[in-house]
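Coordinates as given in upload.csv (CSV, C-alpha atoms):
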```csv
chain,number,residue,atom,x,y,z
Z,31,MET,CA,99.6,94.7,54.0
Z,32,ASN,CA,103.3,95.5,53.9
Z,33,LYS,CA,105.1,95.9,57.2
Z,34,LYS,CA,107.1,99.1,57.7
Z,35,LYS,CA,110.8,98.4,57.3
Z,36,GLN,CA,112.7,98.6,60.6
Z,37,PRO,CA,115.6,101.1,60.6
Z,38,LEU,CA,119.1,99.8,61.0
Z,39,ILE,CA,120.0,102.5,63.6
Z,40,SER,CA,118.0,104.1,66.4
Z,41,VAL,CA,119.4,107.5,67.4
Z,42,VAL,CA,118.4,108.3,71.0
Z,43,MET,CA,118.5,111.7,72.6
Z,44,GLY,CA,117.1,113.3,75.7
Z,45,THR,CA,116.3,117.0,76.1
Z,46,TYR,CA,115.1,119.3,78.8
Z,47,ASN,CA,114.3,123.0,78.3
Z,48,PRO,CA,116.5,123.0,75.2
Z,49,ARG,CA,118.2,126.1,73.7
Z,50,GLU,CA,116.6,126.5,70.3
Z,51,GLN,CA,119.8,127.2,68.3
Z,52,TYR,CA,121.6,124.3,69.9
Z,53,ILE,CA,119.0,121.6,69.6
Z,54,LYS,CA,118.2,122.6,66.0
Z,55,ALA,CA,121.9,122.5,65.1
Z,56,ALA,CA,122.3,119.1,66.8
Z,57,VAL,CA,119.3,117.6,65.1
Z,58,LYS,CA,120.3,119.0,61.7
Z,59,SER,CA,123.8,117.4,62.1
Z,60,VAL,CA,122.0,114.0,62.6
Z,61,LEU,CA,119.7,114.5,59.6
Z,62,ALA,CA,122.7,115.4,57.5
Z,63,GLN,CA,124.4,112.0,58.0
Z,64,THR,CA,125.7,110.3,54.9
Z,65,PHE,CA,124.1,107.1,56.3
Z,66,THR,CA,120.3,107.6,56.3
Z,67,ASP,CA,118.7,104.4,57.4
Z,68,PHE,CA,117.8,105.5,61.0
Z,69,GLU,CA,115.0,106.6,63.3
Z,70,PHE,CA,115.6,109.5,65.6
Z,71,ILE,CA,114.0,109.1,69.0
Z,72,ILE,CA,113.9,112.3,71.1
Z,73,CYS,CA,112.6,112.2,74.6
Z,74,ASN,CA,111.3,115.4,76.1
Z,75,ASP,CA,112.2,115.0,79.7
Z,76,GLY,CA,109.4,117.1,81.2
Z,77,SER,CA,110.4,120.5,79.7
Z,78,GLU,CA,108.5,123.5,80.8
Z,79,ALA,CA,105.5,124.6,78.6
Z,80,GLU,CA,107.3,127.6,77.1
Z,81,TYR,CA,109.6,125.1,75.2
Z,82,SER,CA,106.7,123.3,73.5
Z,83,ASN,CA,107.0,125.4,70.3
Z,84,ILE,CA,110.7,124.6,70.0
Z,85,LEU,CA,110.1,120.9,70.5
Z,86,SER,CA,107.2,120.9,68.0
Z,87,ALA,CA,109.4,122.6,65.4
Z,88,VAL,CA,112.1,120.1,66.0
Z,89,GLU,CA,109.7,117.2,65.6
Z,90,SER,CA,108.5,118.5,62.2
Z,91,MET,CA,112.0,118.7,60.8
Z,92,ASP,CA,112.0,115.2,59.4
Z,93,ASN,CA,109.6,112.2,59.3
Z,94,ARG,CA,112.3,110.0,60.9
Z,95,ILE,CA,112.0,111.9,64.1
Z,96,ARG,CA,109.9,110.4,66.8
Z,97,MET,CA,109.2,112.6,69.9
Z,98,ILE,CA,108.1,111.0,73.1
Z,99,HIS,CA,107.4,112.8,76.4
Z,100,ASN,CA,108.0,112.3,80.1
Z,101,SER,CA,105.2,113.7,82.2
Z,102,HIS,CA,107.8,115.2,84.5
Z,103,ASN,CA,111.6,115.6,84.7
Z,104,LEU,CA,113.1,112.1,85.3
Z,105,GLY,CA,116.8,112.8,84.5
Z,106,LEU,CA,119.0,111.6,81.7
Z,107,ALA,CA,119.4,107.9,82.7
Z,108,ALA,CA,115.6,107.3,82.9
Z,109,THR,CA,115.0,109.3,79.8
Z,110,LEU,CA,117.5,107.3,77.8
Z,111,ASN,CA,116.0,104.1,79.1
Z,112,ARG,CA,112.6,105.2,77.8
Z,113,CYS,CA,114.2,105.7,74.4
Z,114,LEU,CA,115.8,102.3,74.5
Z,115,GLU,CA,112.5,100.6,75.3
Z,116,VAL,CA,110.9,101.9,72.1
Z,117,ALA,CA,114.0,101.7,69.8
Z,118,CYS,CA,113.7,99.4,66.9
Z,119,GLY,CA,117.2,99.5,65.3
Z,120,GLN,CA,119.8,96.8,65.4
Z,121,PHE,CA,122.3,99.6,66.5
Z,122,ILE,CA,121.8,102.4,69.0
Z,123,ALA,CA,123.5,105.7,68.5
Z,124,ARG,CA,123.7,108.3,71.3
Z,125,MET,CA,123.3,112.0,70.7
Z,126,ASP,CA,123.1,115.1,73.0
Z,127,ASP,CA,120.9,118.1,72.3
Z,128,ASP,CA,123.7,120.6,72.0
Z,129,ASP,CA,126.5,118.6,70.2
Z,130,ILE,CA,127.3,118.4,66.5
Z,131,CYS,CA,127.8,115.1,64.6
Z,132,LEU,CA,130.2,115.1,61.7
Z,133,PRO,CA,128.5,113.9,58.5
Z,134,ASN,CA,130.3,110.5,58.3
Z,135,ARG,CA,129.9,109.6,62.0
Z,136,PHE,CA,127.2,106.9,61.6
Z,137,ARG,CA,128.8,105.4,58.4
Z,138,ASP,CA,132.2,105.1,60.1
Z,139,GLN,CA,130.9,103.6,63.3
Z,140,LEU,CA,128.6,101.1,61.5
Z,141,ASP,CA,131.4,100.0,59.3
Z,142,PHE,CA,133.6,99.5,62.3
Z,143,LEU,CA,131.1,97.3,64.2
Z,144,ASN,CA,130.3,95.3,61.1
Z,145,ASN,CA,134.0,94.6,60.5
Z,146,ASN,CA,134.8,93.9,64.2
Z,147,LYS,CA,132.3,91.6,65.6
Z,148,GLU,CA,134.1,91.2,68.9
Z,149,TYR,CA,133.3,94.7,70.0
Z,150,MET,CA,129.9,95.6,71.3
Z,151,PHE,CA,130.1,99.4,71.1
Z,152,VAL,CA,132.3,102.1,69.6
Z,153,GLY,CA,133.0,105.8,70.2
Z,154,SER,CA,135.4,108.4,68.8
Z,155,CYS,CA,137.6,111.3,69.5
Z,156,ILE,CA,136.0,114.7,69.9
Z,157,ASP,CA,136.6,118.4,69.5
Z,158,TYR,CA,135.4,120.7,72.3
Z,159,ILE,CA,133.3,123.7,71.3
Z,160,ASP,CA,132.2,126.6,73.4
Z,161,ASP,CA,128.8,128.4,73.5
Z,162,ASN,CA,129.6,130.1,70.2
Z,163,SER,CA,130.6,126.8,68.5
Z,164,ASN,CA,134.3,127.7,68.5
Z,165,VAL,CA,136.7,124.8,68.9
Z,166,TRP,CA,138.8,125.3,72.1
Z,167,GLY,CA,140.2,121.8,72.7
Z,168,HIS,CA,140.5,118.2,71.5
Z,169,ARG,CA,140.3,114.9,73.2
Z,170,THR,CA,142.0,111.8,72.0
Z,171,VAL,CA,140.6,108.5,73.4
Z,172,PRO,CA,142.3,105.1,73.4
Z,173,ALA,CA,141.5,103.0,70.4
Z,174,PHE,CA,140.9,99.8,72.4
Z,175,PRO,CA,140.3,100.7,76.0
Z,176,GLN,CA,141.4,98.2,78.7
Z,177,ARG,CA,140.0,97.9,82.2
Z,178,GLU,CA,142.9,99.9,83.6
Z,179,ASP,CA,142.0,102.8,81.2
Z,180,PHE,CA,139.0,103.5,83.4
Z,181,LEU,CA,141.1,104.3,86.5
Z,182,TYR,CA,141.9,107.9,85.7
Z,183,ASN,CA,138.9,108.7,83.6
Z,184,SER,CA,136.3,107.2,81.3
Z,185,PRO,CA,138.0,106.2,78.0
Z,186,TYR,CA,134.7,106.9,76.2
Z,187,VAL,CA,132.8,110.1,75.4
Z,188,HIS,CA,129.1,109.4,75.9
Z,189,PRO,CA,127.4,111.2,73.0
Z,190,THR,CA,129.9,109.7,70.5
Z,191,MET,CA,128.7,106.1,71.2
Z,192,MET,CA,127.1,103.5,69.0
Z,193,PHE,CA,126.0,100.2,70.4
Z,194,ARG,CA,124.8,96.8,69.2
Z,195,ARG,CA,121.2,96.4,70.4
Z,196,GLU,CA,122.1,93.3,72.3
Z,197,VAL,CA,124.3,95.4,74.7
Z,198,PHE,CA,121.2,96.3,76.5
Z,199,ALA,CA,119.9,92.8,76.9
Z,200,ASN,CA,119.7,91.2,80.4
Z,201,GLY,CA,119.0,94.5,82.2
Z,202,ASP,CA,122.2,96.3,81.2
Z,203,PHE,CA,120.4,99.7,80.9
Z,204,TYR,CA,121.4,103.0,82.4
Z,205,SER,CA,121.4,103.0,86.2
Z,206,THR,CA,118.8,105.4,87.7
Z,207,GLN,CA,120.4,105.1,91.2
Z,208,LYS,CA,121.2,108.5,92.8
Z,209,ILE,CA,125.0,107.7,93.0
Z,210,ALA,CA,125.1,107.4,89.2
Z,211,LEU,CA,123.7,110.9,88.6
Z,212,ARG,CA,126.0,112.8,86.2
Z,213,THR,CA,128.2,109.7,85.8
Z,214,GLU,CA,125.6,107.3,84.3
Z,215,ASP,CA,127.8,106.7,81.3
Z,216,TYR,CA,131.0,106.0,83.3
Z,217,GLU,CA,129.0,103.6,85.5
Z,218,LEU,CA,127.5,101.8,82.4
Z,219,TRP,CA,130.8,101.3,80.7
Z,220,MET,CA,132.4,99.8,83.8
Z,221,ARG,CA,129.4,97.5,84.4
Z,222,LEU,CA,129.5,96.4,80.7
Z,223,TYR,CA,133.3,95.6,81.0
Z,224,GLY,CA,132.6,93.7,84.2
Z,225,HIS,CA,130.0,91.6,82.2
Z,226,GLY,CA,132.6,90.9,79.5
Z,227,LYS,CA,131.2,93.4,76.9
Z,228,TYR,CA,134.0,95.4,75.4
Z,229,GLY,CA,134.2,98.4,73.2
Z,230,ALA,CA,136.6,100.5,71.1
Z,231,ASN,CA,137.1,104.0,69.7
Z,232,ILE,CA,137.6,105.3,66.2
Z,233,SER,CA,140.8,107.4,66.3
Z,234,LYS,CA,139.4,110.5,64.6
Z,235,VAL,CA,136.9,113.2,65.5
Z,236,LEU,CA,133.3,112.3,64.7
Z,237,LEU,CA,131.6,114.7,67.0
Z,238,GLN,CA,131.9,118.3,68.4
Z,239,TYR,CA,131.2,118.3,72.1
Z,240,ARG,CA,129.8,121.5,73.5
Z,241,GLU,CA,131.2,122.3,76.9
Z,242,GLY,CA,133.0,125.2,78.5
Z,243,GLU,CA,136.6,124.9,79.8
Z,244,MET,CA,135.4,124.6,83.4
Z,245,GLY,CA,132.5,122.2,82.8
Z,246,TYR,CA,133.7,119.4,85.0
Z,247,ALA,CA,135.1,121.7,87.7
Z,248,LYS,CA,131.6,123.2,88.2
Z,249,ARG,CA,130.1,119.9,89.3
Z,250,LYS,CA,128.6,120.0,92.8
Z,251,ARG,CA,130.5,118.4,95.6
Z,252,LEU,CA,127.7,115.9,96.0
Z,253,TYR,CA,128.2,114.7,92.5
Z,254,ARG,CA,131.9,114.2,93.1
Z,255,LEU,CA,131.1,112.1,96.2
Z,256,HIS,CA,128.7,110.0,94.1
Z,257,GLU,CA,131.5,109.6,91.5
Z,258,MET,CA,133.7,108.2,94.1
Z,259,MET,CA,131.1,105.6,94.9
Z,260,VAL,CA,130.7,104.8,91.2
Z,261,ARG,CA,134.5,104.3,90.9
Z,262,ILE,CA,134.6,102.0,93.9
Z,263,ILE,CA,131.8,99.8,92.6
Z,264,GLY,CA,133.0,99.9,89.0
Z,265,PHE,CA,136.7,99.2,89.8
Z,266,TYR,CA,135.6,96.2,92.0
Z,267,GLU,CA,133.3,94.8,89.2
Z,268,MET,CA,136.2,95.1,86.7
Z,269,GLY,CA,138.7,93.5,89.1
Z,270,VAL,CA,141.0,96.6,89.2
Z,271,ILE,CA,140.2,97.8,92.7
Z,272,SER,CA,143.7,97.0,94.0
Z,273,LYS,CA,145.1,99.4,91.4
Z,274,GLY,CA,142.5,102.1,91.8
Z,275,ALA,CA,142.8,103.3,95.5
Z,276,LEU,CA,144.3,106.7,94.6
Z,277,TYR,CA,142.1,107.2,91.5
Z,278,ILE,CA,139.0,106.8,93.7
Z,279,LEU,CA,140.0,110.1,95.4
Z,280,LYS,CA,140.4,112.0,92.1
Z,281,PRO,CA,136.9,113.7,92.3
Z,282,LEU,CA,137.9,115.2,95.7
Z,283,LEU,CA,140.9,116.8,94.1
Z,284,PHE,CA,138.5,119.3,92.4
Z,285,CYS,CA,137.1,120.3,95.8
Z,286,ILE,CA,140.6,121.5,96.8
Z,287,LEU,CA,142.3,122.9,93.7
Z,288,PRO,CA,141.8,126.6,92.8
Z,289,SER,CA,139.8,127.1,89.7
Z,290,PHE,CA,142.6,128.7,87.7
Z,291,ILE,CA,144.7,125.5,88.1
Z,292,ILE,CA,141.8,123.3,87.0
Z,293,ARG,CA,141.3,125.6,84.0
Z,294,LYS,CA,145.0,125.3,82.9
Z,295,TRP,CA,145.0,121.5,83.6
Z,296,ARG,CA,141.8,121.0,81.7
Z,297,LYS,CA,143.0,123.1,78.7
Z,298,ARG,CA,146.1,121.1,78.5
Z,299,SER,CA,144.7,117.6,79.0
Z,300,CYS,CA,141.2,118.1,77.6
Z,301,TRP,CA,139.5,115.4,79.6
Z,302,THR,CA,135.8,115.3,80.7
```
Please express what this file holds, its structure, as structure tokens.
Amino acid sequence: MNKKKQPLISVVMGTYNPREQYIKAAVKSVLAQTFTDFEFIICNDGSEAEYSNILSAVESMDNRIRMIHNSHNLGLAATLNRCLEVACGQFIARMDDDDICLPNRFRDQLDFLNNNKEYMFVGSCIDYIDDNSNVWGHRTVPAFPQREDFLYNSPYVHPTMMFRREVFANGDFYSTQKIALRTEDYELWMRLYGHGKYGANISKVLLQYREGEMGYAKRKRLYRLHEMMVRIIGFYEMGVISKGALYILKPLLFCILPSFIIRKWRKRSCWT
């Protein structure tokens, strides 16, 4: 009996009460990739019953899609960890349920990792899109982020990432601690750098990231306090705590600044 061939890439995505037009567009953009040797693991994070028809329709879009379900809402970090536990690919590609991949994303990232063995993961630049899929901004990320690049902000955009499977060996999964809520990616990158696992970015847009111009500014004050703790721990693990004292306070800045200033600043700098 022939064993089923293992896919080269496992695409992992969590979803909770998805908007039909967004998740179908996101999934279609993955299915339209020029590189086709992948499995697509989607974890339904305890969505309400009224969304079951949407999720069933998504699952039936392609035989490479594998839908798994949480019995109740666990949050993104735990949901992604469930995906990682069942993933079979040599590489892990992240995706969100409302973003759009450009067709060559997987091919470009796979080529980079195959040609640059010293890097354990790779992301890319992004365009920001609004609720109507109109591009309103662009974010350029450093090609080869250093530890100091984490001080101001994460130098990676979470849904653009592709990893080598071994990145998640030895317990380097997403943190499910409360302080990492909404910053689980930032916490993971700093922890990986602290463990000597480095990444890079491809200097072109490979993904359209759906977020309004005030996305970061609308975060609850509690999440900003948690981000401060994540920064303290991460800066310490990377050995840059002596350079990061002022940057630790950055999240509090958004509790003080008027929204119109944040909007102008965000429009100009396009950071997440």
(message) Restricting the calculation to all atoms listed in the file: of Z:Thr206, Z:Thr45, Z:Asn200, Z:Asn134, which residue gets closest to Thr64 of chain Z?
(response)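 Among Z:Thr206, Z:Thr45, Z:Asn200, Z:Asn134, it is Z:Asn134 that comes nearest to Thr64 of chain Z.
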(request) Go ahead and find all residues with at least one atom no further than 12 Å from (114.8, 106.7, 77.9) in the file's coordinates, using only C-alpha atoms; report them as a ChimeraX atom specification. (result) /Z:41-45,71-75,97-100,103-117,124,203-206
Export of the given selection (C-alpha atoms) as a short mmCIF file (atom, residue, chain, number, x, y, z; two decimals), keeping the file's coordinate frame:
```cif
data_model
loop_
_atom_site.label_atom_id
_atom_site.label_comp_id
_atom_site.auth_asym_id
_atom_site.auth_seq_id
_atom_site.Cartn_x
_atom_site.Cartn_y
_atom_site.Cartn_z
CA VAL Z 41 119.40 107.50 67.40
CA VAL Z 42 118.40 108.30 71.00
CA MET Z 43 118.50 111.70 72.60
CA GLY Z 44 117.10 113.30 75.70
CA THR Z 45 116.30 117.00 76.10
CA ILE Z 71 114.00 109.10 69.00
CA ILE Z 72 113.90 112.30 71.10
CA CYS Z 73 112.60 112.20 74.60
CA ASN Z 74 111.30 115.40 76.10
CA ASP Z 75 112.20 115.00 79.70
CA MET Z 97 109.20 112.60 69.90
CA ILE Z 98 108.10 111.00 73.10
CA HIS Z 99 107.40 112.80 76.40
CA ASN Z 100 108.00 112.30 80.10
CA ASN Z 103 111.60 115.60 84.70
CA LEU Z 104 113.10 112.10 85.30
CA GLY Z 105 116.80 112.80 84.50
CA LEU Z 106 119.00 111.60 81.70
CA ALA Z 107 119.40 107.90 82.70
CA ALA Z 108 115.60 107.30 82.90
CA THR Z 109 115.00 109.30 79.80
CA LEU Z 110 117.50 107.30 77.80
CA ASN Z 111 116.00 104.10 79.10
CA ARG Z 112 112.60 105.20 77.80
CA CYS Z 113 114.20 105.70 74.40
CA LEU Z 114 115.80 102.30 74.50
CA GLU Z 115 112.50 100.60 75.30
CA VAL Z 116 110.90 101.90 72.10
CA ALA Z 117 114.00 101.70 69.80
CA ARG Z 124 123.70 108.30 71.30
CA PHE Z 203 120.40 99.70 80.90
CA TYR Z 204 121.40 103.00 82.40
CA SER Z 205 121.40 103.00 86.20
CA THR Z 206 118.80 105.40 87.70
#
```
(request) Write out as a list in words each polymer residue whose atoms come within 9 Å of Met220 of chain Z, counting only C-alpha atoms; drop sequence neighbours fewer than 5 positions from it. (result) Arg177, Phe180, Ser184, Asp215, His225, Arg261, Ile263, Gly264, Phe265, Glu267 and Met268 of chain Z
(message) What does the structure give for the distance between atom CA of Tyr149 of chain Z and atom CA of Arg194 of chain Z, in Å to one decimal?
(response)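 Computing the Euclidean distance for atom CA of Tyr149 of chain Z and atom CA of Arg194 of chain Z yields 8.8 Å.
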(request) Find the residue from Z:Met259, Z:Met91, Z:Met125, Z:Ala275 that sits nearest to Tyr216 of chain Z; use all atoms listed in the file when measuring. (result)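 Using all atoms listed in the file, the shortest distance to Tyr216 of chain Z belongs to Z:Met259.
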(request) For each of Z:Glu196, Z:Asp129, Z:Asp202, Z:Asp161, take the minimum atom-to-atom distance to Val57 of chain Z, counting all atoms listed in the file, then give the residue where this is smallest. (result)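 Answer, going by the shortest atom-to-atom distance: Z:Asp129.
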(message) Need the shell around segment 77-90 of chain Z: protein/DNA/RNA residues with any atom at most 6 Å away, counting all atoms listed in the file. Skip same-chain ones fewer than 2 positions apart. Format as a list of chain:residue names?
(response) Z:Tyr46, Z:Asn47, Z:Asp75, Z:Asp92, Z:Ile95
Go ahead and save the picked residues with C-alpha atoms, as an mmCIF file, in the frame of the given file.
```cif
data_model
loop_
_atom_site.group_PDB
_atom_site.id
_atom_site.type_symbol
_atom_site.label_atom_id
_atom_site.label_comp_id
_atom_site.auth_asym_id
_atom_site.auth_seq_id
_atom_site.Cartn_x
_atom_site.Cartn_y
_atom_site.Cartn_z
ATOM 1 C CA TYR Z 46 115.100 119.300 78.800
ATOM 2 C CA ASN Z 47 114.300 123.000 78.300
ATOM 3 C CA ASP Z 75 112.200 115.000 79.700
ATOM 4 C CA ASP Z 92 112.000 115.200 59.400
ATOM 5 C CA ILE Z 95 112.000 111.900 64.100
#
```
(request) Kindly indicate which residue among Z:Thr66, Z:Thr190, Z:Ser154, Z:Gln207 lies nearest to Val235 of chain Z, using only C-alpha atoms for the distances. (result)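 For Val235 of chain Z, the nearest of the candidates is Z:Ser154.
If only C-alpha atoms are the atoms counted, then among Z:Lys234, Z:Ser163, Z:Gly76, Z:Arg137 the closest residue to Ala55 of chain Z is Z:Ser163.
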Centre, x/y/z edge lengths, axis-aligned box for segment 229-233 of chain Z with 4 Å per side, as lines of an AutoDock Vina configuration file:
```
center_x = 137.5
center_y = 102.9
center_z = 69.7
size_x = 14.6
size_y = 17.0
size_z = 15.0
```
(message) Measuring between all atoms listed in the file, which one of Z:Glu178, Z:Asp67, Z:Asp160, Z:Asp128 shows the shortest distance to Tyr223 of chain Z?
(response)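 Selected residue with least distance to Tyr223 of chain Z: Z:Glu178.
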